[in-house]
Amino acid sequence: MSEQTYRPIDAMTFKEASIELEQIVRSLESGDLELEDSLERYGRGVELLKSLRARLADAEQKVRVLLDATDESAVTTDTASAPSVAYINE
């Protein structure tokens, strides 16, 4: 069993944590790991996933606060019935 030292999750950016989680998933899916290594990486993956979900929830809350803080009396334009311009430059 390899005693791998991991970088603290709190010191990682969201992108770094998600990349590490993806690498862990790939290594677990490969089936090439010893049982002990698989369990260690699985545990690390659970911690990464928990952190990533918390960060996403925090970001969603911040967006809600920002949206609530916008001027609700501002005129908004309904673009649902506007013609598509997807083909203009093609």
# chains A, B, ... in the order shown; residues from 1 in each chain; ligands from 1
$ residues_around --residues "stretch 45-54 of chain A" --least-positions-apart "5" --cutoff "8 Å" --atoms "only C-alpha atoms" --output "list in words"
Ile9, Phe14, Ala17, Ser18, Leu21, Ile24 and Val25 of chain A
$ residues_around --residues "A:Arg41" --least-positions-apart "6" --cutoff "12 Å" --atoms "only C-alpha atoms" --output "number ranges by chain"
A: 1-6, 20-29, 33-35, 47-48
$ write_last_selection --atoms "N, CA, C and O atoms" --output "compact mmCIF listing (two decimals), in the first residue's frame"
# COMPACT_ATOMS: atom_id res chain seq x y z
N MET A 1 0.84 -1.18 0.00
CA MET A 1 0.00 0.00 0.00
C MET A 1 0.88 1.23 0.00
O MET A 1 1.83 1.33 0.75
N SER A 2 0.56 2.19 -0.84
CA SER A 2 1.35 3.41 -0.90
C SER A 2 0.73 4.47 0.00
O SER A 2 -0.45 4.73 -0.08
N GLU A 3 1.55 5.02 0.86
CA GLU A 3 1.08 6.10 1.72
C GLU A 3 1.26 7.40 0.96
O GLU A 3 2.32 8.00 0.96
N GLN A 4 0.22 7.81 0.28
CA GLN A 4 0.28 9.01 -0.53
C GLN A 4 -0.10 10.21 0.32
O GLN A 4 -1.05 10.16 1.09
N THR A 5 0.67 11.28 0.20
CA THR A 5 0.32 12.51 0.90
C THR A 5 -0.48 13.38 -0.05
O THR A 5 -0.12 13.54 -1.22
N TYR A 6 -1.56 13.88 0.46
CA TYR A 6 -2.46 14.69 -0.35
C TYR A 6 -2.38 16.15 0.08
O TYR A 6 -2.17 16.45 1.24
N GLU A 20 -8.53 16.44 -9.52
CA GLU A 20 -8.05 15.33 -8.69
C GLU A 20 -9.15 14.28 -8.52
O GLU A 20 -8.88 13.08 -8.60
N LEU A 21 -10.39 14.72 -8.32
CA LEU A 21 -11.50 13.78 -8.19
C LEU A 21 -11.65 12.95 -9.47
O LEU A 21 -11.82 11.73 -9.40
N GLU A 22 -11.53 13.59 -10.61
CA GLU A 22 -11.63 12.84 -11.86
C GLU A 22 -10.50 11.83 -12.00
O GLU A 22 -10.73 10.69 -12.45
N GLN A 23 -9.31 12.19 -11.59
CA GLN A 23 -8.18 11.26 -11.64
C GLN A 23 -8.41 10.07 -10.71
O GLN A 23 -8.09 8.92 -11.06
N ILE A 24 -8.98 10.34 -9.55
CA ILE A 24 -9.28 9.26 -8.61
C ILE A 24 -10.31 8.31 -9.21
O ILE A 24 -10.16 7.09 -9.14
N VAL A 25 -11.35 8.88 -9.81
CA VAL A 25 -12.39 8.04 -10.42
C VAL A 25 -11.79 7.16 -11.50
O VAL A 25 -12.06 5.96 -11.57
N ARG A 26 -10.93 7.74 -12.33
CA ARG A 26 -10.29 6.95 -13.40
C ARG A 26 -9.44 5.82 -12.82
O ARG A 26 -9.46 4.70 -13.32
N SER A 27 -8.68 6.12 -11.77
CA SER A 27 -7.83 5.09 -11.19
C SER A 27 -8.67 3.98 -10.55
O SER A 27 -8.31 2.80 -10.64
N LEU A 28 -9.78 4.34 -9.94
CA LEU A 28 -10.66 3.33 -9.36
C LEU A 28 -11.32 2.49 -10.44
O LEU A 28 -11.47 1.27 -10.29
N GLU A 29 -11.71 3.11 -11.53
CA GLU A 29 -12.36 2.39 -12.63
C GLU A 29 -11.40 1.47 -13.37
O GLU A 29 -11.83 0.48 -13.96
N LEU A 33 -5.69 -1.11 -8.96
CA LEU A 33 -5.22 -0.77 -7.62
C LEU A 33 -5.41 -1.93 -6.65
O LEU A 33 -6.33 -2.73 -6.80
N GLU A 34 -4.56 -1.96 -5.66
CA GLU A 34 -4.75 -2.89 -4.56
C GLU A 34 -5.94 -2.41 -3.74
O GLU A 34 -6.32 -1.24 -3.79
N LEU A 35 -6.53 -3.30 -2.98
CA LEU A 35 -7.71 -2.97 -2.19
C LEU A 35 -7.46 -1.79 -1.27
O LEU A 35 -8.26 -0.86 -1.19
N GLU A 47 -14.18 12.95 0.21
CA GLU A 47 -13.89 14.26 0.81
C GLU A 47 -13.86 15.36 -0.25
O GLU A 47 -14.36 16.46 -0.03
N LEU A 48 -13.27 15.06 -1.41
CA LEU A 48 -13.25 16.04 -2.50
C LEU A 48 -14.66 16.35 -2.97
O LEU A 48 -15.02 17.53 -3.16
$ atom_distance --atom1 "atom CA of A:Lys15" --atom2 "atom CA of A:Asp58"
15.4 Å
